[in-house]
>>> print(open('work-v3.txt').read())   # compact mmCIF, C-alpha atoms
# COMPACT_ATOMS: atom_id res chain seq x y z
CA MET A 885 29.81 -19.97 7.15
CA LYS A 886 28.02 -16.72 7.89
CA GLN A 887 24.89 -16.98 9.99
CA ILE A 888 21.56 -15.24 9.42
CA ALA A 889 18.75 -15.10 11.96
CA ILE A 890 15.28 -14.36 10.63
CA LEU A 891 12.58 -12.91 12.87
CA GLY A 892 9.12 -13.89 11.68
CA ALA A 893 7.96 -16.86 9.64
CA GLY A 894 5.36 -15.15 7.49
CA GLU A 895 5.60 -14.31 3.78
CA SER A 896 8.72 -12.15 3.96
CA GLY A 897 10.48 -14.22 6.62
CA MET A 898 9.99 -17.48 4.75
CA GLY A 899 11.16 -15.91 1.49
CA ALA A 900 14.27 -14.53 3.14
CA ALA A 901 15.01 -17.89 4.75
CA MET A 902 14.83 -19.78 1.45
CA LEU A 903 17.00 -17.25 -0.40
CA ALA A 904 19.57 -17.15 2.40
CA LYS A 905 19.75 -20.94 2.39
CA VAL A 906 20.44 -21.22 -1.35
CA LYS A 907 23.06 -18.47 -1.05
CA GLY A 908 25.02 -20.55 1.45
CA TYR A 909 24.15 -19.01 4.80
CA ALA A 910 23.49 -20.92 7.98
CA VAL A 911 19.86 -19.92 8.63
CA PHE A 912 17.80 -19.84 11.82
CA VAL A 913 14.14 -18.79 11.78
CA SER A 914 12.57 -17.50 14.99
CA GLU A 915 8.81 -16.94 15.27
CA PHE A 916 7.34 -15.47 18.46
CA GLY A 917 3.94 -16.97 17.67
CA LYS A 918 3.19 -20.20 15.86
CA ILE A 919 4.55 -21.31 12.50
CA SER A 920 1.97 -22.75 10.12
CA ASP A 921 2.19 -26.45 9.41
CA SER A 922 2.88 -25.81 5.73
CA ASN A 923 5.77 -23.48 6.54
CA LYS A 924 7.21 -25.97 9.03
CA ILE A 925 7.28 -28.57 6.28
CA LYS A 926 9.09 -26.15 3.95
CA LEU A 927 11.69 -25.35 6.61
CA LEU A 928 12.27 -29.00 7.42
CA GLU A 929 12.60 -29.93 3.75
CA ALA A 930 15.13 -27.11 3.25
CA GLY A 931 17.13 -28.16 6.31
CA ILE A 932 16.55 -24.84 8.08
CA LYS A 933 16.51 -24.75 11.87
CA PHE A 934 13.63 -22.91 13.48
CA GLU A 935 11.78 -22.17 16.70
CA GLU A 936 8.32 -20.90 17.60
CA GLY A 937 6.73 -19.47 20.73
CA GLY A 938 9.56 -17.06 21.54
CA HIS A 939 12.95 -15.69 20.52
CA SER A 940 16.18 -17.37 21.73
CA GLU A 941 18.43 -14.36 22.20
CA LYS A 942 21.64 -16.40 22.54
CA ILE A 943 21.20 -17.89 19.06
CA ILE A 944 19.82 -14.77 17.38
CA LEU A 945 22.48 -12.43 18.76
CA ASN A 946 25.21 -14.78 17.52
CA ALA A 947 24.15 -14.11 13.91
CA ASP A 948 26.11 -11.96 11.47
CA MET A 949 22.88 -10.44 10.21
CA ILE A 950 19.24 -10.35 11.32
CA ILE A 951 16.40 -10.11 8.78
CA LYS A 952 13.32 -8.74 10.53
CA SER A 953 9.81 -9.07 9.16
CA PRO A 954 8.34 -5.57 8.73
CA GLY A 955 5.43 -6.18 11.09
CA ILE A 956 7.76 -6.83 14.02
CA SER A 957 8.46 -3.73 16.09
CA PRO A 958 12.09 -2.61 16.25
CA LYS A 959 11.49 -1.96 19.96
CA ILE A 960 11.26 -5.61 21.02
CA PRO A 961 14.13 -6.59 23.36
CA VAL A 962 16.03 -8.89 21.00
CA VAL A 963 16.13 -6.25 18.26
CA GLN A 964 17.19 -3.54 20.69
CA LYS A 965 20.02 -5.75 21.91
CA ALA A 966 21.07 -6.43 18.32
CA PHE A 967 21.30 -2.68 17.72
CA GLU A 968 23.39 -2.29 20.86
CA GLU A 969 25.78 -5.04 19.74
CA GLY A 970 26.12 -3.61 16.25
CA ILE A 971 24.43 -6.49 14.43
CA ALA A 972 22.88 -5.42 11.12
CA VAL A 973 19.07 -5.65 11.23
CA VAL A 974 17.66 -5.43 7.70
CA ASP A 975 14.40 -5.93 5.83
CA GLU A 976 13.70 -8.80 3.45
CA LEU A 977 13.62 -6.34 0.51
CA GLU A 978 17.07 -5.04 1.46
CA PHE A 979 18.42 -8.59 1.54
CA ALA A 980 16.74 -9.54 -1.75
CA TYR A 981 18.05 -6.40 -3.46
CA ARG A 982 21.60 -7.65 -2.99
CA TYR A 983 20.83 -10.74 -5.08
CA SER A 984 18.96 -9.17 -7.99
CA ALA A 985 20.52 -7.78 -11.15
CA GLY A 986 17.18 -6.25 -12.19
CA ARG A 987 16.34 -2.57 -12.35
CA VAL A 988 13.94 -1.42 -9.64
CA ILE A 989 10.90 0.84 -9.63
CA ALA A 990 10.10 1.38 -5.93
CA ILE A 991 6.80 2.92 -4.88
CA THR A 992 5.82 4.23 -1.46
CA GLY A 993 3.35 6.68 0.08
CA THR A 994 0.63 6.73 2.70
CA ASN A 995 -2.13 6.40 0.10
CA GLY A 996 -2.23 5.09 -3.43
CA LYS A 997 0.94 3.01 -3.43
CA THR A 998 -0.77 -0.33 -4.05
CA THR A 999 -2.83 0.90 -7.01
CA THR A 1000 0.21 2.72 -8.42
CA THR A 1001 2.36 -0.39 -8.02
CA LEU A 1002 -0.16 -2.69 -9.68
CA LEU A 1003 -0.77 -0.24 -12.53
CA THR A 1004 2.96 0.30 -13.15
CA TYR A 1005 3.54 -3.46 -13.21
CA HIS A 1006 0.57 -3.96 -15.55
CA ILE A 1007 1.85 -1.33 -18.01
CA LEU A 1008 5.36 -2.81 -18.16
CA LYS A 1009 4.04 -6.36 -18.49
CA GLU A 1010 1.58 -5.40 -21.24
CA ALA A 1011 4.40 -3.58 -23.04
CA GLY A 1012 6.35 -6.85 -23.18
CA TYR A 1013 8.90 -6.15 -20.45
CA ASP A 1014 10.49 -8.92 -18.40
CA VAL A 1015 9.08 -7.63 -15.10
CA GLY A 1016 8.33 -8.95 -11.64
CA LEU A 1017 6.06 -7.68 -8.84
CA ALA A 1018 7.04 -7.81 -5.17
CA GLY A 1019 7.21 -6.00 -1.86
CA ASN A 1020 4.10 -5.15 0.06
CA VAL A 1021 1.97 -6.86 -2.62
CA GLY A 1022 2.20 -10.34 -4.07
CA GLU A 1023 4.84 -12.91 -3.27
CA SER A 1024 8.02 -12.24 -1.33
CA TRP A 1025 10.80 -10.80 -3.51
CA ALA A 1026 13.38 -13.05 -1.87
CA ALA A 1027 11.23 -16.14 -2.49
CA GLN A 1028 10.90 -15.27 -6.16
CA LEU A 1029 14.66 -14.78 -6.51
CA VAL A 1030 15.20 -18.38 -5.42
CA GLU A 1031 13.68 -19.36 -8.76
CA THR A 1032 14.32 -16.46 -11.15
CA ASP A 1033 15.34 -12.84 -11.58
CA HIS A 1034 13.76 -10.26 -13.90
CA GLU A 1035 15.13 -7.34 -15.88
CA TRP A 1036 12.71 -5.04 -14.03
CA TRP A 1037 11.04 -5.23 -10.64
CA VAL A 1038 8.14 -3.10 -9.44
CA ILE A 1039 8.30 -3.03 -5.64
CA GLU A 1040 5.72 -1.60 -3.22
CA CYS A 1041 7.51 -0.39 -0.08
CA SER A 1042 5.87 0.38 3.26
CA SER A 1043 7.58 2.64 5.77
CA TYR A 1044 8.24 -0.41 7.95
CA GLN A 1045 10.17 -2.02 5.08
CA ILE A 1046 12.06 1.18 4.24
CA ASP A 1047 13.24 1.38 7.86
CA GLY A 1048 15.31 -1.72 7.10
CA PHE A 1049 16.95 -0.32 3.93
CA PHE A 1050 20.68 0.41 3.82
CA CYS A 1051 21.97 -0.39 0.31
CA PHE A 1052 18.60 -0.45 -1.50
CA LYS A 1053 18.83 1.90 -4.48
CA PRO A 1054 15.88 2.23 -6.89
CA ASP A 1055 16.39 3.25 -10.49
CA ILE A 1056 13.00 4.98 -10.30
CA ALA A 1057 11.29 5.87 -7.00
CA VAL A 1058 7.73 7.15 -6.52
CA LEU A 1059 6.37 8.94 -3.44
CA THR A 1060 2.60 9.30 -3.78
CA ASN A 1061 2.05 11.40 -0.62
CA ILE A 1062 2.73 11.50 3.12
CA THR A 1063 -0.09 11.93 5.62
CA PRO A 1064 -0.24 10.87 9.29
CA ASP A 1065 -0.45 7.09 9.67
CA HIS A 1066 1.16 4.36 11.80
CA LEU A 1067 2.28 7.04 14.25
CA ASP A 1068 2.29 4.51 17.09
CA ARG A 1069 5.35 2.99 15.39
CA TYR A 1070 7.08 6.38 15.18
CA GLU A 1071 6.77 7.67 18.75
CA TYR A 1072 3.63 9.59 17.67
CA LYS A 1073 5.87 12.07 15.83
CA PHE A 1074 4.82 12.79 12.26
CA GLU A 1075 8.31 13.98 11.37
CA ASN A 1076 9.68 10.53 12.18
CA TYR A 1077 7.19 8.95 9.78
CA VAL A 1078 8.10 11.50 7.07
CA ASN A 1079 11.79 10.74 7.52
CA SER A 1080 11.07 7.04 7.18
CA LYS A 1081 9.41 7.53 3.80
CA LEU A 1082 12.22 9.78 2.56
CA ARG A 1083 14.85 7.10 3.30
CA LEU A 1084 13.77 5.54 0.00
CA PHE A 1085 15.67 8.27 -1.87
CA ARG A 1086 18.86 8.45 0.13
CA ASN A 1087 21.06 6.16 -2.00
CA MET A 1088 19.86 7.43 -5.37
CA SER A 1089 22.31 9.07 -7.78
CA SER A 1090 22.06 11.51 -10.69
CA ASN A 1091 21.13 8.83 -13.22
CA ASN A 1092 18.13 7.76 -11.11
CA CYS A 1093 14.67 9.37 -11.23
CA MET A 1094 12.26 10.29 -8.45
CA ILE A 1095 8.56 11.10 -8.87
CA VAL A 1096 7.03 13.29 -6.15
CA ASN A 1097 3.65 14.89 -5.41
CA ALA A 1098 3.91 18.66 -5.92
CA GLU A 1099 0.59 19.16 -4.10
CA ASP A 1100 1.68 17.33 -0.94
CA THR A 1101 3.20 19.81 1.50
CA SER A 1102 4.78 17.12 3.68
CA SER A 1103 6.60 15.58 0.71
CA VAL A 1104 7.81 18.93 -0.63
CA GLN A 1105 9.00 20.21 2.74
CA GLY A 1106 10.55 16.88 3.62
CA LEU A 1107 12.59 16.82 0.42
CA ASN A 1108 13.86 20.31 1.15
CA GLY A 1109 15.48 18.87 4.25
CA ILE A 1110 17.41 16.04 2.61
CA LYS A 1111 20.15 15.79 0.01
CA THR A 1112 19.48 13.75 -3.09
CA ASN A 1113 21.06 13.79 -6.54
CA ALA A 1114 18.21 11.99 -8.28
CA GLN A 1115 16.36 13.69 -11.14
CA LYS A 1116 13.10 15.10 -9.78
CA HIS A 1117 9.81 14.71 -11.63
CA TRP A 1118 6.80 16.44 -10.05
CA PHE A 1119 3.16 15.49 -10.51
CA SER A 1120 -0.02 17.45 -9.84
CA LEU A 1121 -3.63 17.81 -10.92
CA SER A 1122 -3.63 21.59 -10.60
CA ASP A 1123 -0.28 22.86 -11.90
CA SER A 1124 1.57 22.08 -15.11
CA ALA A 1125 5.18 20.97 -14.99
CA SER A 1126 8.07 21.15 -17.44
CA ASN A 1127 9.33 17.84 -16.10
CA GLY A 1128 6.65 15.57 -14.68
CA GLY A 1129 2.94 14.90 -15.00
CA PHE A 1130 -0.26 16.91 -14.70
CA LEU A 1131 -3.90 17.17 -15.73
CA GLU A 1132 -4.59 19.34 -18.76
CA GLU A 1133 -8.29 19.67 -19.60
CA SER A 1134 -9.38 16.13 -20.53
CA ASN A 1135 -5.92 14.59 -20.76
CA LEU A 1136 -3.09 13.45 -18.55
CA ARG A 1137 0.19 14.97 -19.73
CA LEU A 1138 3.48 13.18 -19.06
CA ILE A 1139 6.70 15.07 -19.79
CA ALA A 1140 9.98 13.29 -19.10
CA LYS A 1141 13.29 12.60 -20.84
CA GLY A 1142 12.28 14.34 -24.02
CA LYS A 1143 8.87 12.66 -24.25
CA ASN A 1144 5.62 14.62 -24.25
CA ILE A 1145 2.78 12.12 -23.87
CA SER A 1146 -0.96 12.79 -23.74
CA ILE A 1147 -3.38 10.20 -22.34
CA PRO A 1148 -7.14 10.95 -22.67
CA LEU A 1149 -9.08 10.58 -19.43
CA GLU A 1150 -11.51 8.13 -21.01
CA ALA A 1151 -8.61 5.67 -21.26
CA ILE A 1152 -8.23 5.63 -17.44
CA PRO A 1153 -10.45 2.87 -15.96
CA ILE A 1154 -10.02 3.83 -12.28
CA HIS A 1155 -12.20 6.55 -10.76
CA GLY A 1156 -11.60 9.58 -8.56
CA LYS A 1157 -9.03 12.37 -8.48
CA HIS A 1158 -6.72 10.29 -6.31
CA ASN A 1159 -6.66 7.58 -8.97
CA LEU A 1160 -5.79 10.15 -11.62
CA MET A 1161 -2.77 10.97 -9.45
CA ASN A 1162 -1.94 7.28 -9.24
CA ALA A 1163 -2.26 6.99 -13.02
CA ILE A 1164 0.11 9.93 -13.53
CA CYS A 1165 2.66 8.30 -11.20
CA ALA A 1166 2.44 4.95 -12.96
CA GLY A 1167 2.53 6.56 -16.40
CA LEU A 1168 5.59 8.61 -15.53
CA ALA A 1169 7.41 5.63 -14.03
CA ALA A 1170 6.64 3.47 -17.06
CA SER A 1171 7.61 6.24 -19.48
CA LEU A 1172 10.93 6.72 -17.66
CA ALA A 1173 11.46 2.97 -17.98
CA GLY A 1174 11.10 3.35 -21.74
CA VAL A 1175 7.47 2.41 -22.43
CA SER A 1176 6.09 4.11 -25.54
CA GLU A 1177 3.01 6.36 -25.70
CA GLU A 1178 1.19 3.75 -27.77
CA ASN A 1179 1.84 1.00 -25.22
CA LEU A 1180 0.91 3.29 -22.35
CA LEU A 1181 -2.46 4.04 -23.89
CA THR A 1182 -3.22 0.38 -24.60
CA SER A 1183 -2.13 -0.74 -21.12
CA PHE A 1184 -4.18 1.88 -19.27
CA LYS A 1185 -7.33 0.70 -21.02
CA THR A 1186 -6.89 -2.93 -19.93
CA PHE A 1187 -6.06 -2.34 -16.26
CA LYS A 1188 -8.29 -3.68 -13.49
CA ASN A 1189 -7.57 -2.53 -9.95
CA ALA A 1190 -7.09 -4.95 -7.07
CA PRO A 1191 -10.06 -5.91 -4.89
CA HIS A 1192 -11.07 -3.69 -1.95
CA ARG A 1193 -9.94 -0.48 -3.67
CA MET A 1194 -12.96 1.43 -4.98
CA GLU A 1195 -14.28 -1.91 -6.25
CA GLU A 1196 -17.78 -1.69 -7.69
CA VAL A 1197 -19.40 -4.89 -6.44
CA LEU A 1198 -22.91 -4.63 -7.84
CA GLU A 1199 -25.68 -2.27 -8.87
CA LEU A 1200 -28.90 -3.26 -7.15
CA ALA A 1201 -32.16 -1.41 -7.88
CA GLY A 1202 -30.08 1.47 -9.18
CA ILE A 1203 -27.93 1.60 -6.01
CA THR A 1204 -24.19 1.01 -6.55
CA PHE A 1205 -22.37 -0.92 -3.79
CA VAL A 1206 -18.66 -0.04 -3.61
CA ASN A 1207 -16.01 -1.94 -1.64
CA ASP A 1208 -13.20 0.35 -0.49
CA SER A 1209 -12.19 -1.73 2.53
CA LYS A 1210 -8.54 -0.80 1.86
CA GLY A 1211 -9.49 2.71 2.99
CA THR A 1212 -8.05 2.21 6.46
CA ASN A 1213 -7.19 5.83 7.22
CA VAL A 1214 -8.92 9.20 6.97
CA GLU A 1215 -7.02 10.34 3.88
CA SER A 1216 -7.96 7.21 1.91
CA THR A 1217 -11.61 7.67 2.80
CA ALA A 1218 -11.45 11.35 1.84
CA TYR A 1219 -10.33 10.30 -1.64
CA ALA A 1220 -13.19 7.80 -1.87
CA LEU A 1221 -15.85 10.27 -0.74
CA ALA A 1222 -14.53 12.90 -3.14
CA ALA A 1223 -14.80 10.49 -6.07
CA TYR A 1224 -18.63 10.62 -6.10
CA THR A 1225 -21.09 13.37 -6.89
CA LYS A 1226 -23.99 10.97 -6.19
CA PRO A 1227 -25.61 10.76 -2.72
CA ILE A 1228 -23.70 8.36 -0.44
CA ILE A 1229 -24.69 5.95 2.31
CA TRP A 1230 -21.33 5.64 4.03
CA ILE A 1231 -20.28 2.54 5.99
CA ALA A 1232 -17.30 3.31 8.23
CA GLY A 1233 -15.66 2.37 11.51
CA GLY A 1234 -13.37 -0.17 13.12
CA VAL A 1235 -10.20 0.34 15.11
CA ASP A 1236 -9.51 4.07 15.29
CA LYS A 1237 -5.80 4.89 14.86
CA GLY A 1238 -5.96 8.33 16.41
CA ASN A 1239 -8.05 9.65 13.50
CA ASP A 1240 -8.84 13.31 13.00
CA TYR A 1241 -12.17 13.28 11.16
CA GLN A 1242 -12.12 17.03 10.47
CA LEU A 1243 -10.70 16.34 7.01
CA LEU A 1244 -13.93 14.53 6.08
CA GLN A 1245 -16.36 17.23 7.18
CA LYS A 1246 -16.28 18.98 3.80
CA TYR A 1247 -17.78 15.87 2.18
CA THR A 1248 -20.72 15.42 4.56
CA SER A 1249 -23.18 17.43 2.44
CA GLY A 1250 -23.29 14.51 0.03
CA ILE A 1251 -23.74 11.83 2.71
CA LYS A 1252 -27.34 10.75 3.40
CA ALA A 1253 -26.48 8.39 6.24
CA LEU A 1254 -23.53 7.01 8.19
CA ILE A 1255 -23.58 3.36 9.22
CA CYS A 1256 -20.96 2.75 11.91
CA LEU A 1257 -19.53 -0.77 11.67
CA GLY A 1258 -17.42 -1.48 14.73
CA LYS A 1259 -17.31 -2.37 18.41
CA ASP A 1260 -16.67 1.18 19.61
CA ASN A 1261 -18.28 3.85 17.44
CA SER A 1262 -18.38 6.68 19.98
CA LYS A 1263 -15.70 8.87 18.38
CA LEU A 1264 -17.08 8.38 14.87
CA LYS A 1265 -20.64 9.18 15.96
CA ALA A 1266 -19.55 12.26 17.88
CA ALA A 1267 -17.54 13.59 14.93
CA PHE A 1268 -20.53 13.55 12.54
CA ALA A 1269 -23.52 13.92 14.88
CA SER A 1270 -24.25 17.46 13.70
CA SER A 1271 -23.35 17.08 10.02
CA ILE A 1272 -24.87 13.77 8.84
CA PRO A 1273 -28.66 13.52 9.18
CA GLU A 1274 -28.88 9.82 10.07
CA ILE A 1275 -26.36 7.70 11.96
CA ARG A 1276 -26.78 4.03 12.81
CA GLU A 1277 -24.39 1.50 14.33
CA THR A 1278 -23.98 -2.26 14.08
CA GLU A 1279 -21.43 -5.06 14.49
CA SER A 1280 -22.98 -7.01 11.60
CA ILE A 1281 -21.82 -6.35 8.05
CA GLU A 1282 -24.97 -8.05 6.75
CA GLU A 1283 -27.10 -5.56 8.68
CA ALA A 1284 -24.97 -2.67 7.43
CA VAL A 1285 -25.50 -3.79 3.82
CA ASN A 1286 -29.26 -4.26 4.36
CA TRP A 1287 -29.51 -0.79 5.85
CA GLY A 1288 -27.59 0.59 2.88
CA LYS A 1289 -30.20 -0.88 0.57
CA SER A 1290 -33.17 0.34 2.61
CA LEU A 1291 -31.75 3.86 3.05
CA GLY A 1292 -30.66 4.21 -0.57
CA GLU A 1293 -32.53 5.19 -3.71
CA SER A 1294 -31.78 4.68 -7.37
CA GLY A 1295 -28.67 6.72 -8.22
CA ASP A 1296 -27.16 6.45 -4.72
CA VAL A 1297 -23.88 4.83 -3.70
CA VAL A 1298 -23.41 2.55 -0.69
CA LEU A 1299 -19.74 3.01 0.07
CA LEU A 1300 -17.72 0.85 2.46
CA SER A 1301 -14.71 3.07 3.20
CA PRO A 1302 -13.99 2.55 6.89
CA ALA A 1303 -11.22 5.11 7.64
CA CYS A 1304 -10.21 2.61 10.35
CA ALA A 1305 -8.38 -0.67 10.77
CA SER A 1306 -10.41 -3.86 10.69
CA PHE A 1307 -9.15 -5.90 13.60
CA ASP A 1308 -12.10 -5.44 15.96
CA LEU A 1309 -14.54 -7.49 13.85
CA PHE A 1310 -12.44 -8.95 11.02
CA LYS A 1311 -9.12 -10.71 10.37
CA ASN A 1312 -7.89 -7.91 8.12
CA TYR A 1313 -9.16 -5.44 5.53
CA GLU A 1314 -9.38 -8.21 2.91
CA ASP A 1315 -11.67 -10.24 5.17
CA ARG A 1316 -13.83 -7.16 5.77
CA GLY A 1317 -14.05 -6.46 2.03
CA ASN A 1318 -14.80 -10.09 1.19
CA GLN A 1319 -17.58 -10.22 3.75
CA PHE A 1320 -19.03 -6.98 2.39
CA ARG A 1321 -18.99 -8.37 -1.15
CA THR A 1322 -20.64 -11.61 0.00
CA ALA A 1323 -23.33 -9.72 1.91
CA VAL A 1324 -24.13 -7.61 -1.16
CA LEU A 1325 -24.31 -10.66 -3.44
CA ASN A 1326 -26.51 -12.50 -0.90
CA LEU A 1327 -28.82 -9.49 -0.73
CA ASN A 1328 -29.13 -9.56 -4.49
CA GLN A 1329 -30.01 -13.26 -4.45
CA ALA A 1330 -32.60 -12.72 -1.72
CA ILE A 1331 -34.30 -10.01 -3.75
CA ALA A 1332 -34.15 -12.05 -6.97
>>> encode(input="work-v3.txt", output="structure tokens")
Amino acid sequence: MKQIAILGAGESGMGAAMLAKVKGYAVFVSEFGKISDSNKIKLLEAGIKFEEGGHSEKIILNADMIIKSPGISPKIPVVQKAFEEGIAVVDELEFAYRYSAGRVIAITGTNGKTTTTLLTYHILKEAGYDVGLAGNVGESWAAQLVETDHEWWVIECSSYQIDGFFCFKPDIAVLTNITPDHLDRYEYKFENYVNSKLRLFRNMSSNNCMIVNAEDTSSVQGLNGIKTNAQKHWFSLSDSASNGGFLEESNLRLIAKGKNISIPLEAIPIHGKHNLMNAICAGLAASLAGVSEENLLTSFKTFKNAPHRMEEVLELAGITFVNDSKGTNVESTAYALAAYTKPIIWIAGGVDKGNDYQLLQKYTSGIKALICLGKDNSKLKAAFASSIPEIRETESIEEAVNWGKSLGESGDVVLLSPACASFDLFKNYEDRGNQFRTAVLNLNQAIA
């Protein structure tokens, strides 16, 4: 019996463990931290051996394959030794792919991949397709395959997950853009991060389709350096394309495989130029999967984006409070700031990931005040000291929201778009967004 060792007992690790077990492998789960009580019960009920509080190299390095959770660095000693000994170290998505007969739409990119993934899934589901959602959103793909397969899968792929791909071959692959992020994982070399993203295309053949941002220099230049036989479809807001998607006056145009589809902008429920790009990507992917123009139009109209992504929480005394807590890097926040022509009270800050705030300077003329929400705001304050008229700082999200109300006037936007990670004051970006939403709703109740 072949043996599989699984590093990490979170969502992906648990899913991989359950799928490996039902496929007849001898499974061992190793968690460096603690395994939740609920997951321990699942492992015990499935008859899967496990450990917590460290990694037993003797057991792990005796495995035929190691499935590593994406959040675990490939530089930890046990993984490095596995590489040296020639043991395959793969991602949960790579392992799951080998047990699915479904066709795959894989979506990656520094910004926009979650919205694009959710919108693509929504369109296919509304069009009546047998479709599943997995990857960096929703439930583990492997866990879902224990119960059922689908004819189509829409998979969000992070660079960390792609690093563990070897056989993974999408039928349709989308690259929204590539901008500097997670460079600490890639030896602080942007080219390493670019190469990670481009691995998504490497197994694709001439009957597969790729959708790429024609306006993103890093994507275009990166593709020039690799060989791929997939059919290329370019998207842009500024230039038309004979094979791809673009903005034409008040419509999105989608041209692919003999189809020429026009979607009026009023049918798109998500705001900002970046979300128009996401809509083009999703529309192209769905069209290439066979969705009709009629179903595309209907599905666009009924889509609601996930929380924490340009989420309008409430309008209070004419001031709109917007939760964009998912904006954890400079590029995401640039998209959010560019989406509004109204005056903005901007709430930002957190754990700086080596940010270069120069990209945001062109939006400062529309910002009335910056509220720094974090433990160390020195870099953020210094970057905008001469360009934003009022800067305050706090470690309280309730105070930040109250200041937003007091500084704002009817017609203004209070925008939480941090440009930073959340781990100094919050569990994660969802916790930060939830606390922002609660603070806004509490403020409304206090006023009422």
>>> atom_distance(input="work-v3.txt", atom1="atom CA of Cys1165 of chain A", atom2="atom CA of Ile1110 of chain A")
21.6 Å
>>> closest_residue(input="work-v3.txt", among="A:Lys1081, A:His939, A:His1066, A:Arg987", to="Asn1239 of chain A", atoms="only C-alpha atoms")
A:His1066
>>> atom_distance(input="work-v3.txt", atom1="atom CA of Ala1173 of chain A", atom2="atom CA of Ile1147 of chain A")
17.1 Å
>>> residues_around(input="work-v3.txt", residues="Thr1212 of chain A", least_positions_apart="5", cutoff="7 Å", atoms="only C-alpha atoms", output="number ranges by chain")
A: 1302-1305
>>> atom_distance(input="work-v3.txt", atom1="atom CA of Leu1160 of chain A", atom2="atom CA of Val1175 of chain A")
18.8 Å
>>> closest_residue(input="work-v3.txt", among="A:Gly1129, A:Ser1124, A:Ser1102, A:Glu1199", to="Glu1293 of chain A", atoms="only C-alpha atoms")
A:Glu1199
>>> closest_residue(input="work-v3.txt", among="A:Val973, A:Ala966, A:Ile989, A:Leu1002", to="Ser1171 of chain A", atoms="all atoms listed in the file")
A:Ile989
>>> closest_residue(input="work-v3.txt", among="A:Tyr1247, A:Phe934, A:Phe1119, A:Phe979", to="Lys907 of chain A", atoms="all atoms listed in the file")
A:Phe979
>>> closest_residue(input="work-v3.txt", among="A:Leu1325, A:Leu1121, A:Ile1251, A:Ala1163", to="Tyr1005 of chain A", atoms="all atoms listed in the file")
A:Ala1163
>>> residues_near_point(input="work-v3.txt", point="(-21.1, 5.3, 0.4)", cutoff="7 Å", atoms="all atoms listed in the file", output="list in words")
Ile1228, Ile1229, Trp1230, Ile1231, Val1297, Val1298, Leu1299 and Leu1300 of chain A
>>> residues_around(input="work-v3.txt", residues="Met1194 of chain A", least_positions_apart="3", cutoff="8 Å", atoms="only C-alpha atoms", output="ChimeraX atom specification")
/A:1155,1191,1206-1208,1220
>>> residues_around(input="work-v3.txt", residues="Ser953 of chain A", least_positions_apart="3", cutoff="9 Å", atoms="only C-alpha atoms", output="tab-separated table (two decimals) with C-alpha atoms, keeping the file's coordinate frame")
chain	number	residue	atom	x	y	z
A	890	ILE	CA	15.28	-14.36	10.63
A	891	LEU	CA	12.58	-12.91	12.87
A	892	GLY	CA	9.12	-13.89	11.68
A	893	ALA	CA	7.96	-16.86	9.64
A	894	GLY	CA	5.36	-15.15	7.49
A	895	GLU	CA	5.60	-14.31	3.78
A	896	SER	CA	8.72	-12.15	3.96
A	897	GLY	CA	10.48	-14.22	6.62
A	956	ILE	CA	7.76	-6.83	14.02
A	957	SER	CA	8.46	-3.73	16.09
A	974	VAL	CA	17.66	-5.43	7.70
A	975	ASP	CA	14.40	-5.93	5.83
A	976	GLU	CA	13.70	-8.80	3.45
A	1044	TYR	CA	8.24	-0.41	7.95
A	1045	GLN	CA	10.17	-2.02	5.08
>>> axis_aligned_box(input="work-v3.txt", around="segment 1239-1251 of chain A", padding_each_side="6 Å", output="lines of an AutoDock Vina configuration file")
center_x = -15.9
center_y = 14.3
center_z = 6.8
size_x = 27.7
size_y = 21.3
size_z = 25.5
>>> residues_near_point(input="work-v3.txt", point="(-1.0, -1.1, -12.6)", cutoff="9 Å", atoms="all atoms listed in the file", output="list in words")
Thr998, Thr999, Thr1000, Thr1001, Leu1002, Leu1003, Thr1004, Tyr1005, His1006, Ile1007, Leu1008, Ala1163, Ala1166, Ser1183, Phe1184, Phe1187, Lys1188 and Asn1189 of chain A
>>> write_last_selection(input="work-v3.txt", atoms="C-alpha atoms", output="mmCIF file, in the coordinates of the input")
data_model
loop_
_atom_site.group_PDB
_atom_site.id
_atom_site.type_symbol
_atom_site.label_atom_id
_atom_site.label_comp_id
_atom_site.auth_asym_id
_atom_site.auth_seq_id
_atom_site.Cartn_x
_atom_site.Cartn_y
_atom_site.Cartn_z
ATOM 1 C CA THR A 998 -0.770 -0.330 -4.050
ATOM 2 C CA THR A 999 -2.830 0.900 -7.010
ATOM 3 C CA THR A 1000 0.210 2.720 -8.420
ATOM 4 C CA THR A 1001 2.360 -0.390 -8.020
ATOM 5 C CA LEU A 1002 -0.160 -2.690 -9.680
ATOM 6 C CA LEU A 1003 -0.770 -0.240 -12.530
ATOM 7 C CA THR A 1004 2.960 0.300 -13.150
ATOM 8 C CA TYR A 1005 3.540 -3.460 -13.210
ATOM 9 C CA HIS A 1006 0.570 -3.960 -15.550
ATOM 10 C CA ILE A 1007 1.850 -1.330 -18.010
ATOM 11 C CA LEU A 1008 5.360 -2.810 -18.160
ATOM 12 C CA ALA A 1163 -2.260 6.990 -13.020
ATOM 13 C CA ALA A 1166 2.440 4.950 -12.960
ATOM 14 C CA SER A 1183 -2.130 -0.740 -21.120
ATOM 15 C CA PHE A 1184 -4.180 1.880 -19.270
ATOM 16 C CA PHE A 1187 -6.060 -2.340 -16.260
ATOM 17 C CA LYS A 1188 -8.290 -3.680 -13.490
ATOM 18 C CA ASN A 1189 -7.570 -2.530 -9.950
#
